[in-house]
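**Student:** Okay, so here is my_file13.tsv, and as you'll see once you scroll down, it has TSV, C-alpha atoms and all ligand atoms.
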```tsv
chain	number	residue	atom	x	y	z
A	1	MET	CA	84.86	121.74	131.77
A	2	PHE	CA	84.15	125.00	129.92
A	3	LYS	CA	80.43	124.50	130.54
A	4	VAL	CA	80.86	123.89	134.29
A	5	ILE	CA	83.05	126.99	134.63
A	6	LEU	CA	80.48	128.96	132.62
A	7	LEU	CA	77.64	127.94	134.98
A	8	ILE	CA	79.59	128.54	138.18
A	9	THR	CA	80.88	131.95	137.12
A	10	MET	CA	77.40	132.89	135.88
A	11	CYS	CA	75.95	132.03	139.30
A	12	PHE	CA	78.50	134.13	141.20
A	13	ASN	CA	78.21	136.95	138.67
A	14	GLN	CA	74.42	137.04	139.23
A	15	VAL	CA	74.76	137.03	143.02
A	16	ALA	CA	77.48	139.71	143.04
A	17	HIS	CA	75.43	141.95	140.72
A	18	ASN	CA	72.24	141.66	142.77
A	19	LEU	CA	73.97	142.25	146.11
A	20	LEU	CA	76.05	145.18	144.87
A	21	ALA	CA	73.11	146.80	143.04
A	22	ALA	CA	70.94	146.47	146.16
A	23	TYR	CA	73.75	147.86	148.33
A	24	THR	CA	74.23	150.94	146.13
A	25	ARG	CA	70.46	151.54	145.88
A	26	GLN	CA	69.62	151.06	149.57
A	27	LEU	CA	72.55	151.23	151.96
A	28	SER	CA	75.20	153.41	150.39
A	29	SER	CA	75.38	157.03	151.62
A	30	ASN	CA	76.45	158.25	148.16
A	31	PRO	CA	73.88	160.15	146.05
A	32	LEU	CA	71.76	157.78	143.95
A	33	TYR	CA	73.04	157.32	140.39
A	34	PHE	CA	70.57	157.17	137.49
A	35	SER	CA	70.03	153.46	136.85
A	36	SER	CA	69.02	154.13	133.22
A	37	THR	CA	72.64	155.23	132.56
A	38	VAL	CA	73.88	151.93	134.01
A	39	VAL	CA	71.61	149.93	131.67
A	40	PHE	CA	72.76	152.04	128.72
A	41	LEU	CA	76.46	151.56	129.52
A	42	SER	CA	76.09	147.82	130.14
A	43	GLU	CA	74.48	147.45	126.68
A	44	THR	CA	77.46	149.40	125.28
A	45	PHE	CA	79.86	147.09	127.15
A	46	LYS	CA	78.15	143.99	125.63
A	47	LEU	CA	78.28	145.53	122.16
A	48	LEU	CA	82.02	146.23	122.50
A	49	VAL	CA	82.70	142.68	123.73
A	50	SER	CA	80.68	141.20	120.82
A	51	LEU	CA	82.52	143.42	118.36
A	52	ALA	CA	85.87	142.38	119.85
A	53	MET	CA	84.88	138.69	119.51
A	54	LEU	CA	83.99	139.26	115.86
A	55	ILE	CA	87.21	141.17	115.15
A	56	HIS	CA	89.13	138.32	116.78
A	57	ALA	CA	87.21	135.75	114.68
A	58	CYS	CA	88.16	137.76	111.57
A	59	SER	CA	91.85	137.58	112.59
A	60	TRP	CA	91.90	141.36	113.16
A	61	ASN	CA	91.34	141.94	109.46
A	62	CYS	CA	89.04	144.94	108.86
A	63	THR	CA	88.16	143.91	105.30
A	64	THR	CA	87.03	140.44	106.41
A	65	LEU	CA	85.01	142.05	109.20
A	66	SER	CA	83.24	144.52	106.90
A	67	ILE	CA	82.43	141.72	104.40
A	68	LEU	CA	80.98	139.64	107.25
A	69	LEU	CA	78.87	142.54	108.58
A	70	GLN	CA	77.68	143.39	105.06
A	71	LYS	CA	76.68	139.76	104.41
A	72	GLU	CA	75.09	138.99	107.77
A	73	ILE	CA	73.54	142.32	108.82
A	74	ILE	CA	73.04	144.66	105.86
A	75	ASN	CA	71.94	141.92	103.45
A	76	LYS	CA	69.65	140.33	106.06
A	77	ARG	CA	67.83	143.44	107.24
A	78	ILE	CA	64.57	141.69	108.10
A	79	GLU	CA	66.44	139.21	110.37
A	80	PHE	CA	68.17	142.18	111.99
A	81	LEU	CA	64.86	143.99	112.49
A	82	LYS	CA	63.33	140.97	114.25
A	83	LEU	CA	65.77	141.39	117.15
A	84	LEU	CA	64.32	144.79	118.01
A	85	ILE	CA	61.50	143.08	119.96
A	86	PRO	CA	63.60	141.02	122.43
A	87	ALA	CA	66.16	143.83	122.73
A	88	ALA	CA	63.46	146.37	123.69
A	89	LEU	CA	61.88	143.93	126.18
A	90	TYR	CA	65.26	143.18	127.73
A	91	ALA	CA	66.00	146.93	128.00
A	92	LEU	CA	62.71	147.42	129.87
A	93	GLN	CA	63.45	144.39	132.06
A	94	ASN	CA	66.99	145.55	132.85
A	95	ASN	CA	65.68	148.98	133.92
A	96	LEU	CA	63.02	147.42	136.13
A	97	VAL	CA	65.64	145.28	137.88
A	98	TYR	CA	66.91	148.48	139.54
A	99	THR	CA	63.39	149.58	140.47
A	100	SER	CA	62.90	146.18	142.16
A	101	LEU	CA	66.27	146.22	143.88
A	102	THR	CA	65.56	149.75	145.19
A	103	ASN	CA	62.33	148.56	146.78
A	104	LEU	CA	62.92	144.92	147.75
A	105	ASP	CA	65.65	143.09	149.60
A	106	PRO	CA	67.89	141.04	147.27
A	107	ALA	CA	66.72	137.66	148.60
A	108	THR	CA	63.04	138.43	147.93
A	109	PHE	CA	63.98	139.75	144.49
A	110	GLN	CA	65.95	136.63	143.65
A	111	VAL	CA	63.23	134.22	144.74
A	112	SER	CA	60.31	136.07	143.14
A	113	THR	CA	62.05	136.46	139.77
A	114	ASN	CA	61.87	132.66	139.50
A	115	LEU	CA	58.35	133.27	138.23
A	116	LYS	CA	60.23	133.57	134.92
A	117	ILE	CA	60.00	129.79	134.66
A	118	LEU	CA	56.21	130.05	134.69
A	119	THR	CA	56.07	132.84	132.13
A	120	THR	CA	58.56	131.00	129.92
A	121	ALA	CA	56.40	127.86	130.05
A	122	LEU	CA	53.34	129.96	129.27
A	123	PHE	CA	54.93	131.55	126.20
A	124	MET	CA	56.21	128.14	125.09
A	125	ARG	CA	52.58	126.99	125.19
A	126	VAL	CA	51.02	130.07	123.60
A	127	ILE	CA	53.64	130.86	120.95
A	128	LEU	CA	55.08	127.45	120.19
A	129	GLY	CA	52.20	125.18	121.21
A	130	HIS	CA	54.31	123.03	123.56
A	131	ARG	CA	52.36	121.06	126.17
A	132	LEU	CA	53.45	120.73	129.82
A	133	THR	CA	53.97	117.28	131.34
A	134	MET	CA	52.27	116.50	134.68
A	135	THR	CA	55.62	116.77	136.51
A	136	ARG	CA	56.25	120.22	135.11
A	137	PHE	CA	52.73	121.36	135.89
A	138	THR	CA	53.20	120.15	139.48
A	139	ALA	CA	56.56	121.94	139.61
A	140	ILE	CA	54.90	125.21	138.60
A	141	ILE	CA	52.23	124.85	141.32
A	142	ILE	CA	54.97	124.22	143.91
A	143	LEU	CA	56.87	127.23	142.58
A	144	PHE	CA	53.80	129.41	143.06
A	145	LEU	CA	53.31	128.14	146.62
A	146	GLY	CA	56.99	128.69	147.40
A	147	ILE	CA	56.93	132.26	146.14
A	148	ILE	CA	53.70	133.09	148.00
A	149	ILE	CA	55.12	131.68	151.25
A	150	VAL	CA	58.30	133.75	150.87
A	151	GLN	CA	56.41	136.93	149.95
A	152	LEU	CA	53.78	136.79	152.71
A	153	GLN	CA	56.31	137.36	155.47
A	154	PRO	CA	55.23	140.42	157.48
A	155	GLN	CA	58.74	141.88	157.51
A	156	HIS	CA	58.71	141.95	153.71
A	157	MET	CA	55.26	143.55	153.55
A	158	ASN	CA	56.41	146.29	155.92
A	159	SER	CA	59.90	146.47	154.48
A	160	HIS	CA	61.71	149.64	155.40
A	161	HIS	CA	63.59	149.42	152.12
A	162	GLY	CA	60.95	151.13	150.01
A	163	ASN	CA	57.73	150.64	148.16
A	164	TYR	CA	57.04	146.90	148.34
A	165	LEU	CA	54.12	146.98	145.89
A	166	LEU	CA	56.19	148.84	143.29
A	167	GLY	CA	59.04	146.35	143.76
A	168	ILE	CA	56.80	143.31	143.31
A	169	SER	CA	54.90	144.81	140.34
A	170	SER	CA	58.26	145.46	138.65
A	171	VAL	CA	59.21	141.82	139.24
A	172	LEU	CA	55.96	140.70	137.54
A	173	VAL	CA	56.69	142.83	134.47
A	174	ILE	CA	60.32	141.57	134.45
A	175	CYS	CA	59.07	137.97	134.43
A	176	VAL	CA	56.69	138.56	131.50
A	177	CYS	CA	59.43	140.36	129.50
A	178	ALA	CA	62.04	137.68	130.30
A	179	GLY	CA	59.70	134.81	129.39
A	180	PHE	CA	58.70	136.27	126.06
A	181	ALA	CA	62.13	137.65	125.08
A	182	GLY	CA	63.86	134.38	126.03
A	183	VAL	CA	61.53	132.22	123.92
A	184	TYR	CA	61.69	134.68	121.04
A	185	PHE	CA	65.51	135.09	121.11
A	186	GLU	CA	66.23	131.40	121.28
A	187	LYS	CA	63.81	130.72	118.43
A	188	ILE	CA	65.69	133.25	116.30
A	189	LEU	CA	69.03	131.77	117.41
A	190	LYS	CA	68.01	128.23	116.48
A	191	ASP	CA	66.26	129.18	113.23
A	192	THR	CA	69.17	131.05	111.69
A	193	ASP	CA	72.62	130.28	110.34
A	194	VAL	CA	73.90	133.77	111.22
A	195	PRO	CA	76.98	133.46	113.52
A	196	PHE	CA	76.26	133.72	117.25
A	197	TRP	CA	78.36	136.85	117.90
A	198	VAL	CA	76.73	138.63	114.95
A	199	LYS	CA	73.30	137.88	116.48
A	200	ASN	CA	74.53	139.23	119.79
A	201	LEU	CA	75.96	142.32	118.10
A	202	GLU	CA	72.57	142.93	116.45
A	203	MET	CA	70.82	142.47	119.83
A	204	TYR	CA	73.08	145.06	121.43
A	205	ILE	CA	72.69	147.61	118.63
A	206	TRP	CA	68.93	147.53	119.34
A	207	GLY	CA	69.69	147.24	123.06
A	208	ILE	CA	71.64	150.52	123.05
A	209	LEU	CA	68.88	152.22	121.06
A	210	SER	CA	66.14	150.96	123.42
A	211	ALA	CA	68.16	151.76	126.53
A	212	GLY	CA	68.90	155.22	125.06
A	213	ILE	CA	65.18	155.90	124.57
A	214	GLY	CA	64.52	154.68	128.13
A	215	LEU	CA	67.28	156.93	129.42
A	216	LEU	CA	65.87	160.04	127.70
A	217	GLY	CA	62.29	159.24	128.72
A	218	GLN	CA	63.13	158.50	132.33
A	219	ASP	CA	66.02	160.74	133.28
A	220	TYR	CA	66.47	163.45	130.62
A	221	ASN	CA	65.82	166.34	133.04
A	222	ASN	CA	67.94	164.82	135.81
A	223	ILE	CA	70.85	164.15	133.46
A	224	THR	CA	70.84	167.64	131.92
A	225	GLU	CA	70.69	169.11	135.42
A	226	LYS	CA	73.16	166.88	137.28
A	227	GLY	CA	75.17	165.11	134.57
A	228	PHE	CA	75.27	161.61	133.10
A	229	PHE	CA	77.72	160.27	135.69
A	230	PHE	CA	75.99	161.78	138.74
A	231	GLY	CA	76.41	159.50	141.78
A	232	TYR	CA	78.95	157.25	140.05
A	233	THR	CA	81.41	155.46	142.34
A	234	PRO	CA	83.79	152.57	141.54
A	235	ALA	CA	80.99	150.21	142.72
A	236	VAL	CA	78.70	151.51	139.96
A	237	TRP	CA	81.33	150.73	137.32
A	238	VAL	CA	81.63	147.22	138.74
A	239	ILE	CA	77.81	146.87	138.50
A	240	ILE	CA	77.97	147.90	134.81
A	241	ILE	CA	80.58	145.21	134.09
A	242	LEU	CA	78.71	142.56	136.14
A	243	SER	CA	75.42	143.38	134.44
A	244	GLY	CA	77.03	143.26	130.98
A	245	ALA	CA	78.84	140.02	131.79
A	246	GLY	CA	75.55	138.56	133.12
A	247	GLY	CA	73.88	139.24	129.76
A	248	LEU	CA	76.77	137.70	127.86
A	249	TYR	CA	76.65	134.62	130.14
A	250	ALA	CA	72.89	134.29	129.52
A	251	SER	CA	73.42	134.41	125.77
A	252	LEU	CA	76.24	131.84	125.97
A	253	VAL	CA	74.07	129.48	128.04
A	254	MET	CA	71.27	129.78	125.46
A	255	HIS	CA	73.82	129.02	122.75
A	256	HIS	CA	75.99	126.26	124.26
A	257	LEU	CA	73.93	124.56	126.95
A	258	ASP	CA	70.60	123.13	127.73
A	259	ASN	CA	68.55	125.93	129.26
A	260	ILE	CA	67.49	123.62	132.10
A	261	LEU	CA	70.96	124.16	133.56
A	262	LYS	CA	70.26	127.89	133.67
A	263	HIS	CA	67.50	127.16	136.20
A	264	PHE	CA	69.88	125.18	138.37
A	265	VAL	CA	72.15	128.21	138.35
A	266	SER	CA	69.20	130.34	139.46
A	267	SER	CA	68.41	128.00	142.33
A	268	ALA	CA	72.04	128.02	143.45
A	269	ALA	CA	72.04	131.82	143.16
A	270	ILE	CA	68.93	132.03	145.38
A	271	ILE	CA	70.67	130.24	148.21
A	272	VAL	CA	73.89	132.25	147.89
A	273	THR	CA	71.99	135.56	147.59
A	274	ALA	CA	69.88	134.69	150.65
A	275	ILE	CA	73.01	134.04	152.68
A	276	GLY	CA	74.65	137.20	151.32
A	277	SER	CA	71.51	139.20	152.01
A	278	ALA	CA	71.35	137.96	155.60
A	279	ALA	CA	75.01	138.81	156.12
A	280	PHE	CA	75.07	142.28	154.52
A	281	PHE	CA	71.48	143.51	154.89
A	282	HIS	CA	70.65	141.78	158.17
A	283	THR	CA	67.55	140.34	156.50
A	284	ASP	CA	65.75	138.04	158.90
A	285	LEU	CA	65.35	134.98	156.69
A	286	GLY	CA	63.05	133.15	159.11
A	287	VAL	CA	61.48	129.71	158.83
A	288	SER	CA	58.94	130.70	156.15
A	289	PHE	CA	61.65	132.16	153.94
A	290	MET	CA	63.67	128.94	154.28
A	291	PHE	CA	60.61	126.78	153.58
A	292	GLY	CA	59.51	128.93	150.63
A	293	SER	CA	63.04	128.91	149.17
A	294	PHE	CA	63.17	125.14	149.59
A	295	LEU	CA	59.90	124.80	147.64
A	296	VAL	CA	61.25	127.08	144.89
A	297	CYS	CA	64.42	125.00	144.58
A	298	LEU	CA	62.39	121.76	144.64
A	299	SER	CA	60.14	123.06	141.86
A	300	ILE	CA	63.15	124.05	139.76
A	301	PHE	CA	64.56	120.55	140.24
A	302	LEU	CA	61.23	118.88	139.30
A	303	TYR	CA	60.77	121.15	136.31
A	304	SER	CA	64.26	120.35	135.11
A	305	LEU	CA	63.79	116.55	135.20
A	306	PRO	CA	63.98	115.04	131.71
A	307	SER	CA	60.53	114.58	130.21
A	308	ASN	CA	59.46	112.03	127.60
A	309	SER	CA	57.40	114.42	125.57
A	310	PRO	CA	58.88	117.44	123.76
A	311	PRO	CA	60.33	119.85	124.61
A	312	SER	CA	63.30	118.45	126.55
A	313	SER	CA	64.23	121.96	127.62
A	314	PRO	CA	62.02	124.87	128.69
A	315	LEU	CA	63.39	126.88	125.84
A	316	SER	CA	63.95	124.21	123.20
A	317	ILE	CA	62.53	125.72	120.07
A	318	ARG	CA	61.05	123.68	117.30
A	319	LYS	CA	60.88	125.07	113.81
A	320	LEU	CA	57.47	126.47	113.03
B	401	LIG	O1	65.97	136.91	132.93
B	401	LIG	P1	66.87	136.25	132.01
B	401	LIG	O2	67.81	135.28	132.61
B	401	LIG	O3	66.18	135.73	130.80
B	401	LIG	O4	67.76	137.52	131.55
B	401	LIG	C1	68.48	137.52	130.45
B	401	LIG	C2	69.48	138.67	130.50
B	401	LIG	O5	70.43	138.42	129.50
B	401	LIG	C3	68.89	140.05	130.21
B	401	LIG	O6	69.49	140.99	131.07
B	401	LIG	C4	69.31	140.35	128.79
B	401	LIG	O7	69.59	141.72	128.57
B	401	LIG	C5	70.57	139.52	128.66
B	401	LIG	N1	70.79	138.99	127.32
B	401	LIG	C6	71.88	139.45	126.63
B	401	LIG	N2	72.15	138.96	125.38
B	401	LIG	C7	71.34	138.06	124.81
B	401	LIG	C8	70.22	137.55	125.51
B	401	LIG	C9	69.97	138.04	126.78
B	401	LIG	O8	72.62	140.30	127.14
B	401	LIG	N3	71.65	137.64	123.60
```
Here is the file; what I need is its structure written in the form of structure tokens.
**Tutor:**
Amino acid sequence: MFKVILLITMCFNQVAHNLLAAYTRQLSSNPLYFSSTVVFLSETFKLLVSLAMLIHACSWNCTTLSILLQKEIINKRIEFLKLLIPAALYALQNNLVYTSLTNLDPATFQVSTNLKILTTALFMRVILGHRLTMTRFTAIIILFLGIIIVQLQPQHMNSHHGNYLLGISSVLVICVCAGFAGVYFEKILKDTDVPFWVKNLEMYIWGILSAGIGLLGQDYNNITEKGFFFGYTPAVWVIIILSGAGGLYASLVMHHLDNILKHFVSSAAIIVTAIGSAAFFHTDLGVSFMFGSFLVCLSIFLYSLPSNSPPSSPLSIRKL
């Protein structure tokens, strides 16, 4: 039951985040907040939640907590250092999500980010040497076709929302980062005996550092001129919580569930986002969008079918 609730809430969390972020970036009349501050605060939120989980696990005993942190983080510095790579990639990806949502409608964003399945499969092959079955290869071809059909709609090419090319290029970089970071993080998770919430805490320490560097590089002048919280409304705070919760959900799915289920969540989120996008953004979904989305969902289903040869999950990691 816990797992079903986890998947359903993750789906709605993802949809709510994407719709609200797109609304605040495109439709709201309020001045535009600096998205790098949102990424930074959502990393901070995840760190605080992870710390709270650890404090709770230590029965609110500070001595037990400090012994645990000493044993698992300070004494295992190399393990800790390894998480810098996925954390930095995720920080880049999380920043680019806002670039994409500023320049694309949420439905297009949601469908095109499914390319993550392809990049994940690619990194599984390159890094871990896993071979694709025929069914999965076919699924990836269908996925490609589906995404091309959705993207080639004239109204998307001439979108009034912003710079379409910038939006789509950001999605491509997001998919490469997500594929690599996902494979890398789950490998670390499966290869270690360090408790899950300690691993997450380590991720978010690096996450805050990476997001902080991104924030200074991207918006230092703007922030010193206008302030860190420029353009903040209650909706922006909700986005920070939704984005943080989304990351925590993703980590829990990697930990507790088969990652195939994560793709089913994505396909459900596509449909709900498309409906939400049509309702709030008056996006004309059209026949080609419907057909393309159908192909994307079909490919996710095919890719998720159990295969006889390893791996059984797109992100199952074998020990090297
Ligand atoms: O694109 P994908 O579903 O792989 O995105 C994963 C998201 O989960 C990223 O936003 C990343 O920051 C977040 N994450 C997290 N904690 C982890 C692993 C991923 O917050 N341990």
**Student:** From the set A:Leu104, A:Val173, A:Leu209, A:Ala181, which residue has the shortest atom-to-atom contact distance to ligand LIG 401 (chain B), counting all atoms listed in the file?
**Tutor:**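 For ligand LIG 401 (chain B), the nearest of the candidates is A:Ala181.
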**Student:** Using all atoms listed in the file, find each protein or nucleic acid residue lying at most 8 Å from ligand LIG 401 (chain B); present the set as a PDB file with C-alpha atoms, keeping the file's coordinate frame.
**Tutor:**
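Result written to out13.pdb:
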```
ATOM      1  CA  GLU A  43      74.480 147.450 126.680  1.00  0.00           C
ATOM      2  CA  LYS A  46      78.150 143.990 125.630  1.00  0.00           C
ATOM      3  CA  ALA A  87      66.160 143.830 122.730  1.00  0.00           C
ATOM      4  CA  TYR A  90      65.260 143.180 127.730  1.00  0.00           C
ATOM      5  CA  ALA A  91      66.000 146.930 128.000  1.00  0.00           C
ATOM      6  CA  GLN A  93      63.450 144.390 132.060  1.00  0.00           C
ATOM      7  CA  ASN A  94      66.990 145.550 132.850  1.00  0.00           C
ATOM      8  CA  THR A 113      62.050 136.460 139.770  1.00  0.00           C
ATOM      9  CA  LYS A 116      60.230 133.570 134.920  1.00  0.00           C
ATOM     10  CA  ILE A 174      60.320 141.570 134.450  1.00  0.00           C
ATOM     11  CA  CYS A 175      59.070 137.970 134.430  1.00  0.00           C
ATOM     12  CA  ALA A 178      62.040 137.680 130.300  1.00  0.00           C
ATOM     13  CA  GLY A 179      59.700 134.810 129.390  1.00  0.00           C
ATOM     14  CA  ALA A 181      62.130 137.650 125.080  1.00  0.00           C
ATOM     15  CA  GLY A 182      63.860 134.380 126.030  1.00  0.00           C
ATOM     16  CA  PHE A 185      65.510 135.090 121.110  1.00  0.00           C
ATOM     17  CA  LYS A 199      73.300 137.880 116.480  1.00  0.00           C
ATOM     18  CA  ASN A 200      74.530 139.230 119.790  1.00  0.00           C
ATOM     19  CA  MET A 203      70.820 142.470 119.830  1.00  0.00           C
ATOM     20  CA  TYR A 204      73.080 145.060 121.430  1.00  0.00           C
ATOM     21  CA  GLY A 207      69.690 147.240 123.060  1.00  0.00           C
ATOM     22  CA  SER A 243      75.420 143.380 134.440  1.00  0.00           C
ATOM     23  CA  GLY A 244      77.030 143.260 130.980  1.00  0.00           C
ATOM     24  CA  ALA A 245      78.840 140.020 131.790  1.00  0.00           C
ATOM     25  CA  GLY A 246      75.550 138.560 133.120  1.00  0.00           C
ATOM     26  CA  GLY A 247      73.880 139.240 129.760  1.00  0.00           C
ATOM     27  CA  LEU A 248      76.770 137.700 127.860  1.00  0.00           C
ATOM     28  CA  TYR A 249      76.650 134.620 130.140  1.00  0.00           C
ATOM     29  CA  ALA A 250      72.890 134.290 129.520  1.00  0.00           C
ATOM     30  CA  SER A 251      73.420 134.410 125.770  1.00  0.00           C
ATOM     31  CA  LEU A 252      76.240 131.840 125.970  1.00  0.00           C
ATOM     32  CA  MET A 254      71.270 129.780 125.460  1.00  0.00           C
ATOM     33  CA  LYS A 262      70.260 127.890 133.670  1.00  0.00           C
TER      34      LYS A 262
END
```
**Student:** Using all atoms listed in the file, tabulate the residues of segment 38-131 of chain A lying at most 12 Å from any atom of segment 284-301 of chain A, each with its closest atom pair and that distance in Å to one decimal, by chain and increasing residue number, as CSV.
**Tutor:**
```
residue,atom,partner,partner_atom,distance
A:Asp105,CA,A:Asp284,CA,10.6
A:Pro106,CA,A:Leu285,CA,11.5
A:Ala107,CA,A:Leu285,CA,8.6
A:Thr108,CA,A:Phe289,CA,8.8
A:Phe109,CA,A:Ser293,CA,11.8
A:Gln110,CA,A:Ser293,CA,9.9
A:Val111,CA,A:Ser293,CA,6.9
A:Ser112,CA,A:Val296,CA,9.2
A:Thr113,CA,A:Val296,CA,10.7
A:Asn114,CA,A:Val296,CA,7.8
A:Leu115,CA,A:Val296,CA,9.5
A:Lys116,CA,A:Ile300,CA,11.1
A:Ile117,CA,A:Ile300,CA,8.3
A:Leu118,CA,A:Ile300,CA,10.5
```
**Student:** What does the distance from atom CA of Gly146 of chain A to atom CA of Phe280 of chain A come to in Å, to one decimal?
**Tutor:** 23.7 Å
**Student:** Do you know which residues are at most 6 Å from Gly167 of chain A counting all atoms listed in the file, after dropping those on the same chain fewer than 3 positions away, and could you put them as an NGL selection string?
**Tutor:** :A and (100 or 103-104 or 164 or 170)
**Student:** Rank A:Phe40, A:Phe123, A:Tyr232, A:Trp197 by their smallest atom-to-atom distance to Ser210 of chain A, using all atoms listed in the file, and report the top residue only.
**Tutor:**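 Nearest to Ser210 of chain A: A:Phe40.
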**Student:** Could you jot down the atom CA of Thr233 of chain A to atom CA of Ile168 of chain A separation for me, Å, one decimal place?
**Tutor:**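 Atom CA of Ile168 of chain A lies at a distance of 27.5 Å from atom CA of Thr233 of chain A.
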**Student:** Would you mind telling me which residue in A:Arg77, A:Ile67, A:Asn163, A:Pro195 lies nearest to Ser50 of chain A when using all atoms listed in the file?
**Tutor:**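 Using all atoms listed in the file, the shortest distance to Ser50 of chain A belongs to A:Pro195.
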**Student:** Which of these residues is nearest to His255 of chain A, using only C-alpha atoms: A:Phe137, A:Phe196, A:Tyr303, A:Trp237?
**Tutor:** A:Phe196
**Student:** So which one's closest to Thr119 of chain A, A:Leu96, A:Tyr33, A:Ile142, A:Cys177? Using only C-alpha atoms, please.
**Tutor:**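 Looking only at the distances to Thr119 of chain A, the closest residue turns out to be A:Cys177.
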**Student:** Could you pull the residues within 12 Å of Ser36 of chain A, counting only C-alpha atoms, minus those fewer than 3 positions along the same chain, as a ChimeraX atom specification?
**Tutor:** /A:32-33,39-43,91-99,208,210-220,222-223,228-230,240
**Student:** Just how far from atom CA of Val171 of chain A is atom CA of Trp206 of chain A, in Å to one decimal?
**Tutor:**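 Result for atom CA of Trp206 of chain A versus atom CA of Val171 of chain A: 22.9 Å, one decimal.
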**Student:** Could you put an axis-aligned box around every listed atom of segment 240-251 of chain A, padded by 4 Å on each side, and send me its centre and edge lengths in Å to one decimal, as JSON?
**Tutor:**
```
{"center_x": 76.7, "center_y": 141.1, "center_z": 131.0, "size_x": 15.7, "size_y": 21.6, "size_z": 18.4}
```
**Student:** Please write a file for segment 134-147 of chain A, taken from the block I just shared, that holds N, CA, C and O atoms and is laid out as an mmCIF file, in the first residue's frame.
**Tutor:**
```cif
data_model
loop_
_atom_site.group_PDB
_atom_site.id
_atom_site.type_symbol
_atom_site.label_atom_id
_atom_site.label_comp_id
_atom_site.auth_asym_id
_atom_site.auth_seq_id
_atom_site.Cartn_x
_atom_site.Cartn_y
_atom_site.Cartn_z
ATOM 1 N N MET A 134 15.363 -7.002 -27.737
ATOM 2 C CA MET A 134 14.719 -6.512 -28.967
ATOM 3 C C MET A 134 13.494 -5.646 -28.614
ATOM 4 O O MET A 134 13.261 -4.604 -29.234
ATOM 5 N N THR A 135 12.729 -6.111 -27.604
ATOM 6 C CA THR A 135 11.517 -5.362 -27.219
ATOM 7 C C THR A 135 11.891 -3.962 -26.753
ATOM 8 O O THR A 135 11.244 -2.975 -27.117
ATOM 9 N N ARG A 136 12.943 -3.881 -25.968
ATOM 10 C CA ARG A 136 13.340 -2.567 -25.446
ATOM 11 C C ARG A 136 13.901 -1.672 -26.548
ATOM 12 O O ARG A 136 13.666 -0.469 -26.547
ATOM 13 N N PHE A 137 14.605 -2.291 -27.480
ATOM 14 C CA PHE A 137 15.134 -1.516 -28.602
ATOM 15 C C PHE A 137 13.965 -0.942 -29.410
ATOM 16 O O PHE A 137 13.963 0.235 -29.787
ATOM 17 N N THR A 138 12.956 -1.810 -29.664
ATOM 18 C CA THR A 138 11.766 -1.360 -30.400
ATOM 19 C C THR A 138 11.075 -0.230 -29.632
ATOM 20 O O THR A 138 10.643 0.772 -30.220
ATOM 21 N N ALA A 139 10.992 -0.395 -28.307
ATOM 22 C CA ALA A 139 10.335 0.627 -27.481
ATOM 23 C C ALA A 139 11.035 1.979 -27.642
ATOM 24 O O ALA A 139 10.377 3.025 -27.733
ATOM 25 N N ILE A 140 12.360 1.948 -27.706
ATOM 26 C CA ILE A 140 13.117 3.202 -27.825
ATOM 27 C C ILE A 140 12.871 3.861 -29.185
ATOM 28 O O ILE A 140 12.725 5.084 -29.291
ATOM 29 N N ILE A 141 12.778 3.038 -30.249
ATOM 30 C CA ILE A 141 12.476 3.590 -31.580
ATOM 31 C C ILE A 141 11.087 4.250 -31.566
ATOM 32 O O ILE A 141 10.900 5.362 -32.060
ATOM 33 N N ILE A 142 10.118 3.546 -30.955
ATOM 34 C CA ILE A 142 8.756 4.108 -30.880
ATOM 35 C C ILE A 142 8.767 5.403 -30.071
ATOM 36 O O ILE A 142 8.106 6.387 -30.423
ATOM 37 N N LEU A 143 9.546 5.411 -29.006
ATOM 38 C CA LEU A 143 9.656 6.619 -28.169
ATOM 39 C C LEU A 143 10.157 7.800 -28.997
ATOM 40 O O LEU A 143 9.604 8.901 -28.955
ATOM 41 N N PHE A 144 11.196 7.535 -29.779
ATOM 42 C CA PHE A 144 11.763 8.574 -30.643
ATOM 43 C C PHE A 144 10.707 9.115 -31.599
ATOM 44 O O PHE A 144 10.525 10.325 -31.730
ATOM 45 N N LEU A 145 9.984 8.175 -32.269
ATOM 46 C CA LEU A 145 8.949 8.584 -33.220
ATOM 47 C C LEU A 145 7.890 9.429 -32.519
ATOM 48 O O LEU A 145 7.485 10.483 -33.015
ATOM 49 N N GLY A 146 7.473 8.955 -31.333
ATOM 50 C CA GLY A 146 6.434 9.663 -30.570
ATOM 51 C C GLY A 146 6.864 11.080 -30.254
ATOM 52 O O GLY A 146 6.101 12.029 -30.442
ATOM 53 N N ILE A 147 8.106 11.220 -29.804
ATOM 54 C CA ILE A 147 8.585 12.555 -29.426
ATOM 55 C C ILE A 147 8.701 13.462 -30.649
ATOM 56 O O ILE A 147 8.313 14.629 -30.616
#
```
